[in-house]
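Here is the structure we will look at.
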Amino acid sequence: MAHLLRALPSLDNTLQRQAQAPLCLYNYWQYLADIEAGAEELEFWLALSDYEAMYRQFAPTSERHRVESGALGVGTRGASARLLAQVHMRHMDTFDTETQELDAYLARVSQQTAEAASKSVCAVHAQCVRAHQPFTARAGPALDAPSVRSVRTGVRGFFGRILAGDTVRTRRMAPHEEVEASHLEPLLSAKEHVPTEPEMRRAAELLYFHYILVGAPASLHISSEMRAKVASRIERDSRFDTQLFAPAKRHAYEAMRHESHVRFQRERLFHNITRGTAALRIVLGLALVMVALAFQVALVLLDVHPKGWRWLPICALWTGLAYAVAGVMRLDPLMAILGRYEATAWSFGRVIDSTVRHAHLKRAAMIIVVTAGVAALITLVLFLVPGHRL
């Protein structure tokens, strides 16, 4: 089992939209939202990736503005990139080397997450191809993927949804703090808009009010010290750089990597039906088994001849056993043969990932062989029982 899990796409592959169904980004979000009822970490990661993409557009412009205004001096005009890096370093917290390396790695992953939005290899879900717009009814209209409308601007995801006209309300925001599309309407005027400083500050506040604040619509499970630190950076230090949410970003990544993504991989690797439909298969299977056994026992008690009639119920017996075992193992052999899986109740998709498909077929073959053998053994015993002795 461990070697199968190692062969699956990693969390980084999923975030960068390199995984295919049923392990793609949309399936991961759907699993968290529908089965675990908590997709906050993934939604925060994707929204933060959009925020960092906005900041990468804003930062060179802001640096150039300081250069052109003379704040950095004439001799610095050719070194804007180096100076920009120094500006970032001044804002960074004093962490140990391991934490700094993790932050640098996560920065690369989040950048690739944002850049991969339109380069997905998953051809099944339009949600994997377009920029991810993950927010459920807690943040506005419910997600009806894959028919989610795309954002018309260069700013994607959470902020693109806000700029396109939606309104986000949080329980702790005053009426004058509610997000109105008219506040950010200028962003819709250009295809590749370069955010301004007030817009970046507003975007940082949106992330805080939606994910960090206690009682927010999608509040992260982080410590009060971490919440206070982020709030202090925004309110007192007036910061909106990419390191602003670094502690929360590390928390979200580690929570997904060691917990939810591992459970998601196990779910998709070993199961292809949901718990609800699995229960129905168990009930149907047991009913078929009872009918088949009752018919076979009746043939024995009545001593029906020829005795070959006793083999007739084996089809119903085998089908019942197969359904019952499939429900217990939550893997339907017929769906595995057809290469299908059930993401949510009565919502089916096509299995594209080869490792998952082979695992499903292997377990399906085991179910078919074992149940066929058990059905044949039971029928053989009842066939050999003399009718006149009962």
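How things are named: the first chain in the structure tokens is A, the next is B, and so on; residues count from 1 in each chain; ligands count from 1 in the order shown.
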Within 12 Å of A:Ala359, counting only C-alpha atoms, which residues show up once you throw out same-chain ones fewer than 3 positions away? Write them as a list of chain:residue names, please.
A:Met1, A:His3, A:Leu4, A:Leu5, A:Ala7, A:Leu8, A:Arg266, A:Glu267, A:Arg268, A:Leu269, A:Phe270, A:His271, A:Asn272, A:Leu331, A:Pro333, A:Ala336, A:Ile337, A:Gly339, A:Val351, A:Asp353, A:Ser354, A:Thr355, A:Val356, A:Lys362, A:Arg363, A:Ala364, A:Ala365, A:Met366
So, counting only C-alpha atoms, which residue among A:Phe264, A:Phe245, A:Phe209, A:Phe240 is closest to A:Pro9?
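Among the listed residues, the smallest separation from A:Pro9 belongs to A:Phe264.
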Set the distance at 12 Å and use only C-alpha atoms: which residues neighbour A:Leu293 once local chain neighbours fewer than 6 positions away are removed? I'd like the list as a compact mmCIF listing (two decimals) with N, CA, C and O atoms, in the first residue's frame.
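around13.txt was written with the following content:
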# COMPACT_ATOMS: atom_id res chain seq x y z
N LEU A 286 -27.41 -7.95 0.19
CA LEU A 286 -27.94 -8.88 1.20
C LEU A 286 -29.33 -9.38 0.82
O LEU A 286 -29.66 -10.55 1.07
N ALA A 287 -30.12 -8.50 0.23
CA ALA A 287 -31.45 -8.94 -0.20
C ALA A 287 -31.35 -10.02 -1.28
O ALA A 287 -32.07 -11.03 -1.23
N LEU A 299 -35.51 -25.65 -3.08
CA LEU A 299 -35.26 -26.74 -4.03
C LEU A 299 -34.78 -27.99 -3.32
O LEU A 299 -35.13 -29.12 -3.70
N VAL A 300 -33.99 -27.81 -2.26
CA VAL A 300 -33.50 -28.97 -1.51
C VAL A 300 -34.64 -29.63 -0.73
O VAL A 300 -34.81 -30.87 -0.72
N ARG A 310 -30.69 -26.90 -8.88
CA ARG A 310 -30.11 -26.26 -7.68
C ARG A 310 -28.99 -25.28 -8.03
O ARG A 310 -28.59 -24.48 -7.17
N TRP A 311 -28.46 -25.37 -9.24
CA TRP A 311 -27.42 -24.43 -9.65
C TRP A 311 -28.02 -23.13 -10.21
O TRP A 311 -27.29 -22.14 -10.41
N LEU A 312 -29.30 -23.11 -10.41
CA LEU A 312 -29.92 -21.95 -11.02
C LEU A 312 -29.76 -20.67 -10.20
O LEU A 312 -29.48 -19.61 -10.76
N PRO A 313 -29.90 -20.68 -8.87
CA PRO A 313 -29.81 -19.43 -8.09
C PRO A 313 -28.39 -18.89 -7.94
O PRO A 313 -28.21 -17.86 -7.29
N ILE A 314 -27.40 -19.58 -8.52
CA ILE A 314 -26.02 -19.13 -8.30
C ILE A 314 -25.79 -17.72 -8.86
O ILE A 314 -24.99 -16.95 -8.31
N CYS A 315 -26.49 -17.36 -9.92
CA CYS A 315 -26.29 -16.02 -10.50
C CYS A 315 -26.73 -14.94 -9.52
O CYS A 315 -26.01 -13.95 -9.29
N ALA A 316 -27.92 -15.12 -8.92
CA ALA A 316 -28.40 -14.15 -7.94
C ALA A 316 -27.52 -14.14 -6.69
O ALA A 316 -27.24 -13.08 -6.12
N LEU A 317 -27.05 -15.33 -6.29
CA LEU A 317 -26.19 -15.42 -5.11
C LEU A 317 -24.86 -14.70 -5.34
O LEU A 317 -24.39 -13.94 -4.48
N TRP A 318 -24.27 -14.93 -6.50
CA TRP A 318 -22.99 -14.28 -6.82
C TRP A 318 -23.18 -12.77 -6.92
O TRP A 318 -22.38 -12.00 -6.37
N GLY A 320 -25.46 -10.93 -5.48
CA GLY A 320 -25.69 -10.39 -4.15
C GLY A 320 -24.43 -10.29 -3.33
O GLY A 320 -24.17 -9.28 -2.67
N LEU A 321 -23.61 -11.35 -3.38
CA LEU A 321 -22.34 -11.31 -2.66
C LEU A 321 -21.42 -10.21 -3.20
O LEU A 321 -20.77 -9.50 -2.43
N ALA A 375 -19.79 -18.13 -3.86
CA ALA A 375 -21.11 -18.50 -4.40
C ALA A 375 -21.09 -19.91 -4.93
O ALA A 375 -22.04 -20.69 -4.72
N ILE A 378 -21.00 -22.44 -1.89
CA ILE A 378 -22.30 -22.58 -1.22
C ILE A 378 -23.27 -23.39 -2.09
O ILE A 378 -23.98 -24.29 -1.60
N THR A 379 -23.28 -23.08 -3.38
CA THR A 379 -24.18 -23.81 -4.28
C THR A 379 -23.79 -25.28 -4.37
O THR A 379 -24.67 -26.17 -4.43
N VAL A 381 -22.35 -27.12 -2.02
CA VAL A 381 -22.76 -27.79 -0.78
C VAL A 381 -24.25 -28.11 -0.82
O VAL A 381 -24.67 -29.23 -0.49
N LEU A 382 -25.05 -27.13 -1.23
CA LEU A 382 -26.49 -27.36 -1.30
C LEU A 382 -26.85 -28.35 -2.42
O LEU A 382 -27.87 -29.06 -2.32
N PHE A 383 -26.03 -28.42 -3.46
CA PHE A 383 -26.28 -29.38 -4.53
C PHE A 383 -26.05 -30.81 -4.05
O PHE A 383 -26.77 -31.74 -4.44
Quick one: residues within 6 Å of stretch 24-26 of chain A, only C-alpha atoms, excluding same-chain residues fewer than 3 positions away - as a VMD selection string?
chain A and resid 14 19 to 21 29 128
Produce a file of the selected residues containing C-alpha atoms, as a PDB file, in the first residue's frame.
ATOM      1  CA  THR A  14      -2.010  18.686  -7.240  1.00  0.00           C
ATOM      2  CA  ALA A  19      -2.453  15.612 -11.335  1.00  0.00           C
ATOM      3  CA  GLN A  20      -5.243  13.995 -13.300  1.00  0.00           C
ATOM      4  CA  ALA A  21      -8.692  12.813 -12.249  1.00  0.00           C
ATOM      5  CA  TRP A  29     -11.399  20.585  -3.331  1.00  0.00           C
ATOM      6  CA  CYS A 128      -8.694  22.527 -13.311  1.00  0.00           C
TER       7      CYS A 128
END
